[in-house]
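Asker: Sharing structure.cif here; it has mmCIF, C-alpha atoms and all ligand atoms.
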```
data_protein
loop_
_atom_site.label_atom_id
_atom_site.label_comp_id
_atom_site.auth_asym_id
_atom_site.auth_seq_id
_atom_site.Cartn_x
_atom_site.Cartn_y
_atom_site.Cartn_z
CA MET A 24 89.83 123.83 73.67
CA VAL A 25 87.42 120.91 73.57
CA SER A 26 84.04 122.65 73.68
CA GLN A 27 81.10 121.64 75.86
CA ASP A 28 78.92 121.43 72.73
CA PHE A 29 81.35 118.95 71.22
CA VAL A 30 81.19 116.77 74.35
CA VAL A 31 77.38 116.83 74.36
CA ALA A 32 77.26 115.89 70.66
CA ASN A 33 79.79 113.11 71.16
CA ASN A 34 77.74 111.74 74.07
CA THR A 35 74.54 111.63 72.04
CA SER A 36 75.61 108.69 69.91
CA ARG A 37 76.73 106.73 72.97
CA ALA A 38 73.86 107.53 75.34
CA ALA A 39 71.56 104.58 74.57
CA ASP A 40 74.27 101.92 75.01
CA HIS A 41 75.45 103.61 78.18
CA GLU A 42 71.92 103.66 79.67
CA HIS A 43 71.49 99.98 78.88
CA ASP A 44 74.83 99.00 80.47
CA TYR A 45 74.17 101.15 83.54
CA GLU A 46 70.75 99.60 84.10
CA THR A 47 72.08 96.07 83.69
CA LEU A 48 74.84 96.69 86.23
CA GLY A 49 72.36 98.48 88.49
CA ARG A 50 70.20 95.32 88.59
CA GLN A 51 73.20 93.13 89.40
CA LEU A 52 74.32 95.44 92.19
CA ARG A 53 70.82 95.66 93.63
CA ARG A 54 70.96 91.90 94.17
CA ARG A 55 74.11 92.57 96.22
CA GLY A 56 72.27 95.25 98.22
CA ILE A 57 74.09 98.12 96.53
CA ASP A 58 72.46 101.29 95.22
CA ILE A 59 74.30 102.08 91.98
CA ASP A 60 73.22 105.73 91.95
CA ARG A 61 74.89 106.38 95.31
CA ILE A 62 78.13 104.89 94.06
CA ALA A 63 77.97 106.98 90.86
CA GLU A 64 77.35 110.13 92.94
CA ASP A 65 80.36 109.34 95.16
CA VAL A 66 82.55 108.76 92.11
CA ALA A 67 81.32 112.00 90.56
CA ARG A 68 82.68 113.86 93.61
CA PHE A 69 86.18 112.42 93.13
CA ARG A 70 88.86 114.91 92.10
CA VAL A 71 92.51 114.48 91.21
CA ALA A 72 94.92 117.30 90.42
CA LEU A 73 96.88 117.26 87.19
CA PRO A 74 100.63 117.83 87.40
CA SER A 75 101.57 120.70 85.09
CA TRP A 76 104.82 118.92 84.25
CA ALA A 77 103.04 115.83 82.91
CA VAL A 78 101.20 117.44 79.99
CA GLY A 79 104.52 117.72 78.15
CA THR A 80 106.24 114.58 76.88
CA GLY A 81 108.56 113.16 79.52
CA GLY A 82 111.91 111.57 78.96
CA THR A 83 114.58 109.44 80.51
CA ARG A 84 118.30 109.98 81.04
CA PHE A 85 118.71 108.52 77.57
CA ALA A 86 116.32 110.40 75.33
CA ARG A 87 113.21 112.45 75.00
CA TYR A 88 110.96 112.11 71.98
CA PRO A 89 108.82 115.24 71.80
CA GLY A 90 105.26 114.91 70.52
CA PRO A 91 103.33 117.30 68.29
CA GLY A 92 101.72 120.39 69.81
CA GLU A 93 103.47 120.18 73.17
CA PRO A 94 102.75 123.02 75.60
CA ARG A 95 105.33 125.78 75.30
CA ASP A 96 104.68 127.44 78.63
CA VAL A 97 102.47 127.28 81.68
CA PHE A 98 99.56 128.95 79.86
CA ASP A 99 99.55 126.17 77.23
CA LYS A 100 99.76 123.65 80.05
CA LEU A 101 96.61 125.09 81.61
CA GLU A 102 94.80 124.72 78.28
CA ASP A 103 95.69 121.03 78.12
CA CYS A 104 94.53 120.58 81.71
CA ALA A 105 91.22 122.30 80.90
CA ALA A 106 90.71 119.97 77.93
CA ILE A 107 91.31 116.95 80.17
CA HIS A 108 88.85 118.28 82.72
CA ARG A 109 86.21 118.92 80.07
CA LEU A 110 86.41 115.25 79.10
CA THR A 111 86.80 113.63 82.53
CA GLY A 112 84.94 116.08 84.78
CA ALA A 113 87.35 115.15 87.58
CA THR A 114 90.46 117.24 87.07
CA ASP A 115 89.75 120.90 87.70
CA GLU A 116 92.93 121.38 89.76
CA VAL A 117 96.49 121.83 88.58
CA SER A 118 99.62 121.26 90.62
CA LEU A 119 102.40 123.67 89.56
CA HIS A 120 106.12 123.15 89.89
CA PHE A 121 108.37 126.17 90.56
CA PRO A 122 110.46 127.47 88.95
CA TRP A 123 109.47 125.32 85.93
CA ASP A 124 106.08 127.05 85.81
CA GLN A 125 107.08 130.44 87.19
CA PRO A 126 105.30 133.08 85.08
CA ASP A 127 106.30 136.75 84.93
CA ASP A 128 102.74 137.70 85.73
CA LEU A 129 101.16 135.61 88.48
CA PRO A 130 97.81 137.46 88.55
CA ALA A 131 97.51 136.89 84.78
CA LEU A 132 98.04 133.16 85.33
CA LYS A 133 95.38 133.14 88.04
CA ALA A 134 92.99 135.04 85.77
CA ARG A 135 93.57 132.55 82.94
CA ALA A 136 92.94 129.62 85.28
CA ASP A 137 89.69 131.25 86.44
CA GLU A 138 88.63 131.68 82.82
CA LEU A 139 89.31 128.00 82.14
CA GLY A 140 87.51 126.90 85.32
CA LEU A 141 90.70 125.61 86.93
CA LYS A 142 92.03 125.93 90.49
CA PHE A 143 95.50 125.42 91.89
CA ALA A 144 96.37 122.36 93.93
CA PRO A 145 99.51 122.17 96.12
CA VAL A 146 102.53 123.90 94.61
CA ASN A 147 105.83 122.05 94.35
CA SER A 148 109.25 123.48 95.10
CA ASN A 149 112.35 122.45 93.19
CA THR A 150 115.71 122.41 94.94
CA PHE A 151 116.93 119.34 93.09
CA GLN A 152 118.18 121.32 90.08
CA ASP A 153 120.31 124.41 89.72
CA GLN A 154 118.63 127.34 88.01
CA PRO A 155 120.39 129.88 85.79
CA GLY A 156 121.92 132.68 87.84
CA GLN A 157 121.52 130.83 91.13
CA GLU A 158 124.22 131.75 93.66
CA HIS A 159 124.80 128.34 95.27
CA SER A 160 124.68 124.88 93.70
CA TYR A 161 122.49 122.00 94.92
CA LYS A 162 124.97 119.43 93.66
CA TYR A 163 125.58 118.22 97.22
CA GLY A 164 122.15 118.91 98.61
CA SER A 165 119.72 121.69 99.39
CA LEU A 166 117.73 121.78 102.64
CA THR A 167 120.28 119.40 104.20
CA HIS A 168 123.46 120.81 102.66
CA THR A 169 126.46 121.13 104.97
CA ASP A 170 126.80 124.82 104.03
CA ALA A 171 124.29 127.08 105.81
CA ALA A 172 124.22 129.48 102.85
CA VAL A 173 122.96 126.73 100.51
CA ARG A 174 120.32 125.72 103.04
CA ALA A 175 119.21 129.33 103.36
CA GLN A 176 118.89 129.63 99.59
CA ALA A 177 116.76 126.45 99.46
CA VAL A 178 114.56 127.68 102.32
CA ALA A 179 114.13 131.03 100.56
CA HIS A 180 112.96 129.25 97.39
CA ASN A 181 110.33 127.37 99.37
CA LEU A 182 109.14 130.61 100.97
CA ASP A 183 108.89 132.08 97.50
CA CYS A 184 106.76 129.11 96.43
CA ILE A 185 104.41 129.81 99.34
CA ARG A 186 104.23 133.48 98.30
CA MET A 187 103.35 132.51 94.70
CA GLY A 188 100.94 129.82 95.82
CA LYS A 189 99.08 132.38 97.94
CA VAL A 190 98.53 134.61 94.90
CA LEU A 191 97.21 131.59 92.97
CA GLY A 192 94.89 130.39 95.73
CA SER A 193 96.82 127.22 96.44
CA ARG A 194 96.62 125.80 99.98
CA ALA A 195 99.68 123.59 100.32
CA LEU A 196 103.34 123.25 99.52
CA THR A 197 104.79 119.89 98.51
CA VAL A 198 108.45 119.50 99.41
CA TRP A 199 110.46 116.76 97.78
CA ILE A 200 114.24 116.96 98.00
CA GLY A 201 116.76 114.84 96.14
CA ASP A 202 119.29 115.27 98.96
CA GLY A 203 121.26 112.21 99.93
CA ALA A 204 124.49 110.36 99.29
CA ASN A 205 125.92 108.18 96.56
CA PHE A 206 128.58 106.62 98.79
CA PRO A 207 128.62 105.17 102.30
CA GLY A 208 130.36 107.70 104.49
CA GLN A 209 129.70 110.60 102.14
CA GLN A 210 127.16 112.13 104.46
CA HIS A 211 126.69 112.09 108.22
CA THR A 212 123.33 110.30 108.26
CA ALA A 213 122.05 111.68 111.56
CA ARG A 214 123.29 115.24 111.05
CA ALA A 215 121.77 115.43 107.55
CA PHE A 216 118.34 114.61 109.01
CA GLU A 217 118.84 117.19 111.77
CA ARG A 218 119.69 119.81 109.17
CA TYR A 219 116.55 118.83 107.25
CA LEU A 220 114.41 119.37 110.34
CA GLU A 221 116.01 122.75 110.98
CA SER A 222 115.44 123.95 107.40
CA ALA A 223 111.95 122.47 107.18
CA ALA A 224 110.99 124.23 110.44
CA GLN A 225 111.74 127.60 108.79
CA ILE A 226 109.46 126.69 105.88
CA TYR A 227 106.79 125.41 108.25
CA ALA A 228 106.90 128.69 110.19
CA ALA A 229 106.02 130.60 107.01
CA LEU A 230 102.90 128.55 106.21
CA PRO A 231 99.67 130.55 106.24
CA ASP A 232 97.13 129.30 108.81
CA ASP A 233 95.05 127.40 106.26
CA TRP A 234 98.02 125.79 104.50
CA CYS A 235 99.77 122.52 105.02
CA MET A 236 103.19 121.23 104.07
CA LEU A 237 103.29 117.89 102.28
CA ILE A 238 106.50 115.97 102.84
CA GLU A 239 107.23 113.57 99.99
CA HIS A 240 109.61 110.70 100.66
CA LYS A 241 111.52 108.76 98.03
CA MET A 242 113.78 105.78 98.48
CA TYR A 243 116.42 106.55 95.87
CA GLU A 244 117.28 108.70 92.84
CA PRO A 245 119.07 111.00 92.36
CA ALA A 246 120.94 109.80 95.46
CA PHE A 247 121.64 106.09 95.08
CA TYR A 248 123.15 105.06 98.39
CA ALA A 249 120.94 106.90 100.85
CA THR A 250 118.30 109.60 100.64
CA VAL A 251 117.61 111.87 103.61
CA ILE A 252 113.80 111.56 103.48
CA GLN A 253 113.83 108.06 102.08
CA ASP A 254 110.78 106.38 103.58
CA TRP A 255 107.48 106.96 105.32
CA GLY A 256 109.18 106.57 108.71
CA SER A 257 111.48 109.52 108.08
CA SER A 258 108.61 111.47 106.58
CA LEU A 259 106.35 110.78 109.57
CA MET A 260 109.11 111.62 112.06
CA ALA A 261 109.67 114.92 110.28
CA ALA A 262 105.94 115.70 110.14
CA GLN A 263 105.53 114.95 113.85
CA ALA A 264 108.54 117.08 114.74
CA LEU A 265 107.32 120.02 112.66
CA GLY A 266 103.71 120.26 113.79
CA PRO A 267 100.11 119.48 112.81
CA LYS A 268 100.25 121.23 109.45
CA ALA A 269 103.01 118.92 108.25
CA LEU A 270 101.65 115.82 106.51
CA CYS A 271 103.09 112.89 104.59
CA LEU A 272 102.65 112.53 100.86
CA VAL A 273 102.80 109.07 99.35
CA ASP A 274 104.09 108.85 95.79
CA LEU A 275 103.26 105.30 94.72
CA GLY A 276 106.57 104.96 92.85
CA HIS A 277 108.84 105.91 95.74
CA HIS A 278 109.14 102.56 97.47
CA ALA A 279 111.17 99.39 97.13
CA PRO A 280 109.56 96.80 94.84
CA ASN A 281 106.90 94.73 96.62
CA VAL A 282 106.54 97.11 99.54
CA ASN A 283 103.00 96.98 100.89
CA ILE A 284 101.91 100.55 100.13
CA GLU A 285 98.32 100.08 101.34
CA MET A 286 99.77 99.21 104.73
CA ILE A 287 101.77 102.46 104.75
CA VAL A 288 98.56 104.31 103.90
CA ALA A 289 96.77 102.65 106.82
CA ARG A 290 99.57 103.51 109.25
CA LEU A 291 99.74 107.14 108.17
CA ILE A 292 95.98 107.45 108.58
CA HIS A 293 96.34 105.96 112.06
CA ALA A 294 98.83 108.71 112.85
CA GLY A 295 96.45 111.30 111.31
CA ARG A 296 99.27 112.39 108.99
CA LEU A 297 98.35 111.17 105.52
CA GLY A 298 98.35 114.30 103.39
CA GLY A 299 97.86 112.98 99.89
CA PHE A 300 99.18 111.06 96.94
CA HIS A 301 101.22 111.29 93.83
CA PHE A 302 99.59 108.57 91.75
CA ASN A 303 101.45 106.63 89.08
CA ASP A 304 102.39 103.01 88.51
CA SER A 305 105.62 101.09 88.33
CA ARG A 306 107.11 97.68 87.90
CA TYR A 307 110.72 98.21 88.92
CA GLY A 308 111.22 101.51 90.70
CA ASP A 309 110.10 105.09 90.21
CA ASP A 310 108.94 104.24 86.68
CA ASP A 311 106.31 106.99 86.60
CA LEU A 312 104.09 104.85 84.37
CA ASP A 313 100.39 105.51 83.92
CA THR A 314 98.29 104.94 87.02
CA GLY A 315 96.70 101.49 87.06
CA SER A 316 98.63 100.30 84.00
CA ILE A 317 100.77 97.72 85.79
CA ASN A 318 99.17 96.80 89.10
CA PRO A 319 95.51 97.87 89.30
CA TYR A 320 94.89 95.53 92.25
CA ARG A 321 97.38 97.44 94.39
CA LEU A 322 95.66 100.68 93.45
CA PHE A 323 92.33 99.17 94.47
CA LEU A 324 93.81 98.08 97.81
CA VAL A 325 95.03 101.62 98.45
CA PHE A 326 91.52 102.95 97.81
CA ASN A 327 90.12 100.18 99.95
CA GLU A 328 92.08 101.63 102.89
CA LEU A 329 90.85 105.14 102.08
CA ILE A 330 87.20 104.11 101.92
CA ASP A 331 87.58 102.03 105.08
CA ALA A 332 89.07 105.04 106.89
CA GLU A 333 86.23 107.22 105.64
CA ARG A 334 83.63 104.75 106.92
CA ARG A 335 85.38 104.57 110.30
CA GLN A 336 85.51 108.37 110.33
CA ALA A 337 89.22 108.11 111.07
CA SER A 338 90.55 111.52 112.03
CA ASN A 339 92.86 112.35 109.18
CA PRO A 340 92.94 115.64 107.27
CA SER A 341 91.36 115.72 103.81
CA LEU A 342 93.65 114.37 101.13
CA ALA A 343 95.35 116.03 98.18
CA HIS A 344 95.07 113.60 95.27
CA MET A 345 97.56 114.32 92.49
CA LEU A 346 98.92 112.47 89.51
CA ASP A 347 102.70 112.40 88.99
CA GLN A 348 103.68 110.57 85.83
CA SER A 349 106.13 110.81 82.96
CA HIS A 350 104.63 110.10 79.54
CA ASN A 351 107.46 109.05 77.31
CA ILE A 352 105.72 107.30 74.41
CA THR A 353 102.05 108.29 74.64
CA ASP A 354 100.12 111.50 74.11
CA PRO A 355 100.29 112.96 77.65
CA VAL A 356 96.69 114.16 77.48
CA GLU A 357 95.52 110.61 76.72
CA SER A 358 97.64 109.15 79.51
CA LEU A 359 96.26 111.65 82.02
CA ILE A 360 92.70 110.93 80.93
CA SER A 361 93.19 107.20 81.23
CA SER A 362 94.92 107.55 84.62
CA THR A 363 92.04 109.62 85.95
CA ILE A 364 89.63 106.91 84.84
CA GLU A 365 91.75 104.24 86.55
CA LEU A 366 91.67 106.18 89.82
CA GLN A 367 87.89 106.45 89.66
CA ARG A 368 87.70 102.77 88.79
CA ALA A 369 89.70 101.88 91.91
CA GLN A 370 87.51 104.16 93.99
CA ALA A 371 84.27 102.67 92.59
CA GLN A 372 85.52 99.12 93.15
CA ALA A 373 86.50 99.97 96.72
CA LEU A 374 83.04 101.44 97.30
CA LEU A 375 81.54 98.08 96.28
CA VAL A 376 83.31 96.13 99.03
CA ASP A 377 80.80 94.50 101.37
CA ARG A 378 82.39 95.84 104.53
CA GLU A 379 80.04 94.15 106.96
CA ALA A 380 80.74 90.75 105.43
CA LEU A 381 84.46 91.50 105.31
CA ALA A 382 84.50 92.46 109.00
CA GLU A 383 82.79 89.20 109.89
CA PHE A 384 85.22 87.13 107.85
CA GLN A 385 88.08 88.94 109.55
CA THR A 386 86.63 88.34 113.02
CA ASN A 387 86.20 84.65 112.23
CA ASN A 388 89.67 84.41 110.70
CA ASP A 389 88.14 83.25 107.45
CA ALA A 390 91.07 84.26 105.26
CA LEU A 391 89.71 82.79 102.05
CA MET A 392 86.31 84.46 102.19
CA ALA A 393 87.85 87.75 103.36
CA SER A 394 90.05 87.81 100.30
CA GLN A 395 87.06 86.81 98.13
CA ALA A 396 85.12 89.77 99.52
CA LEU A 397 87.78 92.10 98.15
CA LYS A 398 88.10 90.20 94.88
CA ALA A 399 84.33 90.31 94.30
CA ALA A 400 84.48 94.09 94.35
CA PHE A 401 87.66 94.27 92.28
CA ILE A 402 86.43 92.06 89.45
CA THR A 403 83.17 93.95 89.00
CA ASP A 404 83.26 95.91 85.75
CA VAL A 405 82.36 99.37 87.03
CA SER A 406 82.81 101.13 83.67
CA PRO A 407 79.09 102.10 83.42
CA ILE A 408 79.36 103.76 86.86
CA LEU A 409 82.37 105.76 85.73
CA ALA A 410 80.54 106.90 82.59
CA LYS A 411 77.52 107.89 84.69
CA ALA A 412 79.76 109.86 87.08
CA ARG A 413 81.20 111.73 84.12
CA LEU A 414 77.72 112.51 82.81
CA LEU A 415 76.80 113.90 86.24
CA ASN A 416 79.77 116.27 85.75
CA ASP A 417 78.78 117.19 82.16
CA ALA A 418 81.80 115.29 80.86
CA ALA A 419 82.26 112.60 78.22
CA ILE A 420 80.83 109.09 78.29
CA ASP A 421 83.96 107.95 76.45
CA PRO A 422 86.69 110.53 77.15
CA LEU A 423 89.42 108.90 75.07
CA GLY A 424 87.14 108.33 72.08
CA ALA A 425 85.86 111.89 72.32
CA TYR A 426 89.40 113.25 72.64
CA ARG A 427 90.55 111.47 69.49
CA ALA A 428 87.45 112.65 67.61
CA SER A 429 87.96 116.23 68.78
CA GLY A 430 91.15 116.82 66.80
CA TYR A 431 92.58 118.67 69.84
CA ARG A 432 96.12 117.38 69.37
CA GLN A 433 96.15 118.29 65.68
CA ALA A 434 94.90 121.77 66.52
CA CYS A 435 97.68 122.14 69.13
CA ALA A 436 100.28 120.96 66.62
CA ALA A 437 99.20 123.74 64.28
CA ALA A 438 98.96 126.41 66.97
CA ARG A 439 102.12 125.49 68.90
CA PRO A 440 105.16 125.14 66.67
CA ALA A 441 107.81 122.86 68.19
CA ALA A 442 109.81 124.86 70.72
CA ARG A 443 112.57 122.39 71.40
CA GLY A 444 114.13 119.16 70.22
CA GLY A 445 115.12 115.99 72.04
CA GLY A 446 117.33 115.72 75.09
CA GLY A 447 116.57 114.17 78.47
CA GLY A 448 114.27 115.35 81.20
CA ILE A 449 110.75 116.66 81.43
CA VAL A 450 109.26 119.83 79.98
C1 LIG B 501 110.39 113.05 92.28
O1 LIG B 501 110.65 111.84 91.66
C2 LIG B 501 108.94 113.46 92.09
O2 LIG B 501 108.10 112.39 92.41
C3 LIG B 501 108.60 114.68 92.89
O3 LIG B 501 107.22 114.70 93.19
C4 LIG B 501 108.90 115.77 91.93
O4 LIG B 501 108.33 116.99 92.29
C5 LIG B 501 108.33 115.17 90.66
O5 LIG B 501 108.69 113.79 90.74
C6 LIG B 501 108.80 115.76 89.37
O6 LIG B 501 110.20 115.60 89.23
MN MN B 502 106.10 112.70 93.18
#
```
Could you quickly redo this structure as structure tokens?
Answerer:
Amino acid sequence: MVSQDFVVANNTSRAADHEHDYETLGRQLRRRGIDIDRIAEDVARFRVALPSWAVGTGGTRFARYPGPGEPRDVFDKLEDCAAIHRLTGATDEVSLHFPWDQPDDLPALKARADELGLKFAPVNSNTFQDQPGQEHSYKYGSLTHTDAAVRAQAVAHNLDCIRMGKVLGSRALTVWIGDGANFPGQQHTARAFERYLESAAQIYAALPDDWCMLIEHKMYEPAFYATVIQDWGSSLMAAQALGPKALCLVDLGHHAPNVNIEMIVARLIHAGRLGGFHFNDSRYGDDDLDTGSINPYRLFLVFNELIDAERRQASNPSLAHMLDQSHNITDPVESLISSTIELQRAQAQALLVDREALAEFQTNNDALMASQALKAAFITDVSPILAKARLLNDAAIDPLGAYRASGYRQACAAARPAARGGGGGIV
């Protein structure tokens, strides 16, 4: 564990420079009519859930290169998440994936999370893989399979996820299915969607009153010709057919290249059905790269829509922010820290947008100045605000620097002997 005393000591040597930078930026922003403290307080309230599966080294179909001190089970994963939260102050929630994270003793897992100051975000079901001893295979689908017995098994797994999530204090179930077809004609397109709705309705009926169901769409992979819930249109149609507790989850990597994701966000908010995000970044497809590492402007534009909706008091349920990345060549803890910072950066930049000026430029069809209004916010170096927000949460001024100085990874390497070798896939 990275101790609080360590964080405080690490901050001491950086405090004077931070104060100076924060004051300088504060003066600049005051000239733009912005109160820096209010922005820092808003950023300090930002939270994003860590995906349990991302604290282990990821992999591709070709290889996996395990790193030292990888978590061996869900309890180790919680420790890594707690270390990340101690440094960022923004990640006190963990999103579990069942059955990957299924412990023998759920109350013990809950107790450990309480001890570490962690809560449980939406739980994720997995019907895209067969599990040992499972009666029916998901090779040709799960919730949309042509065989009713397979569908029933997939529904039962989702109900089990809800049961486990209730014990852990989670409040939502994320459902992503890999169901689809690799060949034209393989699947009856319309019937497969009807079967999805029928299965999903059984899951929906089992949701506790204060839960919601997050429907995650994905354009392709593992199905390469057509996926049943392939886009936000299918996701929204399903959510609207199921009922008000069904919401759409946007994973940034699940779209065709160049798709305007911020526009999708705006439309889902209009429908009151945006449920949350799986944040990551990509260049080609579902690359699962670190958030903000490829296209930070797009991330900013997504947050711009969120802040705009907040200001308009658009009636959309509160959002579940989650990371969903695969760390193939970096220390996963470092990637998750840096991704959290990038999310807060995008949020801070979006908070700086002069919305009154922007509205006027839009009304007057002044395209150039409207785009400049966004750019002005985006190019502001908000790093001192992010550091201040972390200080408000008793976290680190420089989380990555502090992490490297803490020797956490080396301690994990000693305490967690390698449990497995290479091979594809995620932990
Ligand atoms: C699928 O690509 C996905 O985005 C879903 O959220 C899964 O639950 C997750 O990645 C892990 O495979
Ligand atoms: Mn995802």
Asker: Within 8 Å of ligand LIG 501 (chain B) (counting all atoms listed in the file), which residues show up? I'd like them as number ranges by chain.
Answerer: A: 76, 120, 147-149, 197-201, 239, 241, 244, 274, 276-277, 301, 309, 347-348, 449
Asker: Between CA of Ala72 (chain A) and CA of Ile360 (chain A), what is the spacing in Å?
Answerer: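 It comes out at 11.6 Å.
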Asker: Please indicate the distance in Å from CA of Leu346 (chain A) to CA of Thr314 (chain A), rounded to one decimal place.
Answerer: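 Atom-to-atom, CA of Leu346 (chain A) and CA of Thr314 (chain A) are spaced 8.0 Å apart.
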Asker: Which is closer to ligand MN 502 (chain B) than all the others in A:Ala380, A:Leu270, A:Leu423, A:Ile238, using all atoms listed in the file?
Answerer: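 For ligand MN 502 (chain B), the nearest of the candidates is A:Ile238.
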Asker: My list of candidates is A:Ala369, A:Leu415, A:Ala246, A:Leu196. Which is closest to Pro231 (chain A) when distances are computed with all atoms listed in the file?
Answerer: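 Closest to Pro231 (chain A), using all atoms listed in the file: A:Leu196.
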Asker: Interatomic distance between CA of Leu409 (chain A) and CA of Ser362 (chain A)?
Answerer: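 Between these atoms lies a distance of 12.7 Å.
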Asker: Which residue is closest to Ser338 (chain A)? Choose from A:Lys189, A:Arg321, A:His293, A:Arg378 and count all atoms listed in the file.
Answerer: A:His293
Asker: Name the residues in contact with region 203-218 of chain A at a cut-off of 9 Å, using only C-alpha atoms, excluding same-chain residues fewer than 5 positions from it; report them as a VMD selection string.
Answerer: chain A and resid 163 to 164 166 to 169 174 223 243 to 253 257 261
Asker: When distances are computed from only C-alpha atoms and all ligand atoms, which of A:His240, A:Arg87, A:His41, A:Arg70 shows the smallest separation from ligand MN 502 (chain B)?
Answerer: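 When distances to ligand MN 502 (chain B) are compared using only C-alpha atoms and all ligand atoms, the smallest one comes from A:His240.
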Asker: Quick one: contact table of region 40-134 of chain A to region 430-436 of chain A, 9 Å max, nearest atom pair and distance in Å to one decimal per residue, counting only C-alpha atoms, chain and number order, as a tab-separated table?
Answerer:
```
residue	atom	partner	partner_atom	distance
A:Gly90	CA	A:Ala436	CA	8.8
A:Pro91	CA	A:Ala436	CA	5.0
A:Gly92	CA	A:Ala436	CA	3.5
A:Glu93	CA	A:Ala436	CA	7.3
A:Pro94	CA	A:Cys435	CA	8.3
A:Ala106	CA	A:Tyr431	CA	8.4
```
Asker: Taking the point (108.1, 97.6, 95.8) as given in the file, collect each protein or nucleic acid residue that comes within 10 Å of it, counting only C-alpha atoms, and present the set as a PyMOL selection string.
Answerer: chain A and resi 275-284+305-309
Asker: Keeping only C-alpha atoms, take the residues you just selected and write them out as an mmCIF file, in the frame of the given file.
Answerer:
```cif
data_model
loop_
_atom_site.group_PDB
_atom_site.id
_atom_site.type_symbol
_atom_site.label_atom_id
_atom_site.label_comp_id
_atom_site.auth_asym_id
_atom_site.auth_seq_id
_atom_site.Cartn_x
_atom_site.Cartn_y
_atom_site.Cartn_z
ATOM 1 C CA LEU A 275 103.260 105.300 94.720
ATOM 2 C CA GLY A 276 106.570 104.960 92.850
ATOM 3 C CA HIS A 277 108.840 105.910 95.740
ATOM 4 C CA HIS A 278 109.140 102.560 97.470
ATOM 5 C CA ALA A 279 111.170 99.390 97.130
ATOM 6 C CA PRO A 280 109.560 96.800 94.840
ATOM 7 C CA ASN A 281 106.900 94.730 96.620
ATOM 8 C CA VAL A 282 106.540 97.110 99.540
ATOM 9 C CA ASN A 283 103.000 96.980 100.890
ATOM 10 C CA ILE A 284 101.910 100.550 100.130
ATOM 11 C CA SER A 305 105.620 101.090 88.330
ATOM 12 C CA ARG A 306 107.110 97.680 87.900
ATOM 13 C CA TYR A 307 110.720 98.210 88.920
ATOM 14 C CA GLY A 308 111.220 101.510 90.700
ATOM 15 C CA ASP A 309 110.100 105.090 90.210
#
```
Asker: Which residues are near Ser165 (chain A)? Cut-off 10 Å, only C-alpha atoms, ignore same chain within fewer than 4 positions. Put them as a tab-separated table (two decimals) with C-alpha atoms, in the frame of the given file.
Answerer:
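Printed below is around.tsv as written:
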```tsv
chain	number	residue	atom	x	y	z
A	149	ASN	CA	112.35	122.45	93.19
A	150	THR	CA	115.71	122.41	94.94
A	151	PHE	CA	116.93	119.34	93.09
A	152	GLN	CA	118.18	121.32	90.08
A	159	HIS	CA	124.80	128.34	95.27
A	160	SER	CA	124.68	124.88	93.70
A	161	TYR	CA	122.49	122.00	94.92
A	169	THR	CA	126.46	121.13	104.97
A	170	ASP	CA	126.80	124.82	104.03
A	171	ALA	CA	124.29	127.08	105.81
A	172	ALA	CA	124.22	129.48	102.85
A	173	VAL	CA	122.96	126.73	100.51
A	174	ARG	CA	120.32	125.72	103.04
A	175	ALA	CA	119.21	129.33	103.36
A	176	GLN	CA	118.89	129.63	99.59
A	177	ALA	CA	116.76	126.45	99.46
A	178	VAL	CA	114.56	127.68	102.32
A	200	ILE	CA	114.24	116.96	98.00
A	201	GLY	CA	116.76	114.84	96.14
A	202	ASP	CA	119.29	115.27	98.96
A	203	GLY	CA	121.26	112.21	99.93
A	218	ARG	CA	119.69	119.81	109.17
A	219	TYR	CA	116.55	118.83	107.25
A	222	SER	CA	115.44	123.95	107.40
```
Asker: Neighbouring residues of Asp44 (chain A) were defined as those with any atom within 7 Å, considering only C-alpha atoms; residues of the same chain fewer than 4 positions away were excluded. Please report them as a ChimeraX atom specification.
Answerer: /A:40,48,407
Asker: Keeping only C-alpha atoms, write the selected residues as a PDB file, in the frame of the given file.
Answerer:
```pdb
ATOM      1  CA  ASP A  40      74.270 101.920  75.010  1.00  0.00           C
ATOM      2  CA  LEU A  48      74.840  96.690  86.230  1.00  0.00           C
ATOM      3  CA  PRO A 407      79.090 102.100  83.420  1.00  0.00           C
TER       4      PRO A 407
END
```
Asker: Tell me which of A:His344, A:His108, A:Arg290, A:Arg427 sits closest to ligand MN 502 (chain B), counting all atoms listed in the file.
Answerer: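 Smallest separation from ligand MN 502 (chain B) among the options: A:His344.
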Asker: Of the candidates A:Ser118, A:Gln370, A:Asn318, A:Gln395, which one gets nearest to ligand MN 502 (chain B) if we count only C-alpha atoms and all ligand atoms?
Answerer: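 Selected residue with least distance to ligand MN 502 (chain B): A:Ser118.
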Asker: Within 10 Å of region 60-65 of chain A, counting all atoms listed in the file, which residues show up once you throw out same-chain ones fewer than 6 positions away? Write them as a PyMOL selection string, please.
Answerer: chain A and resi 45+49+367+370-372+374-375+405+407-416
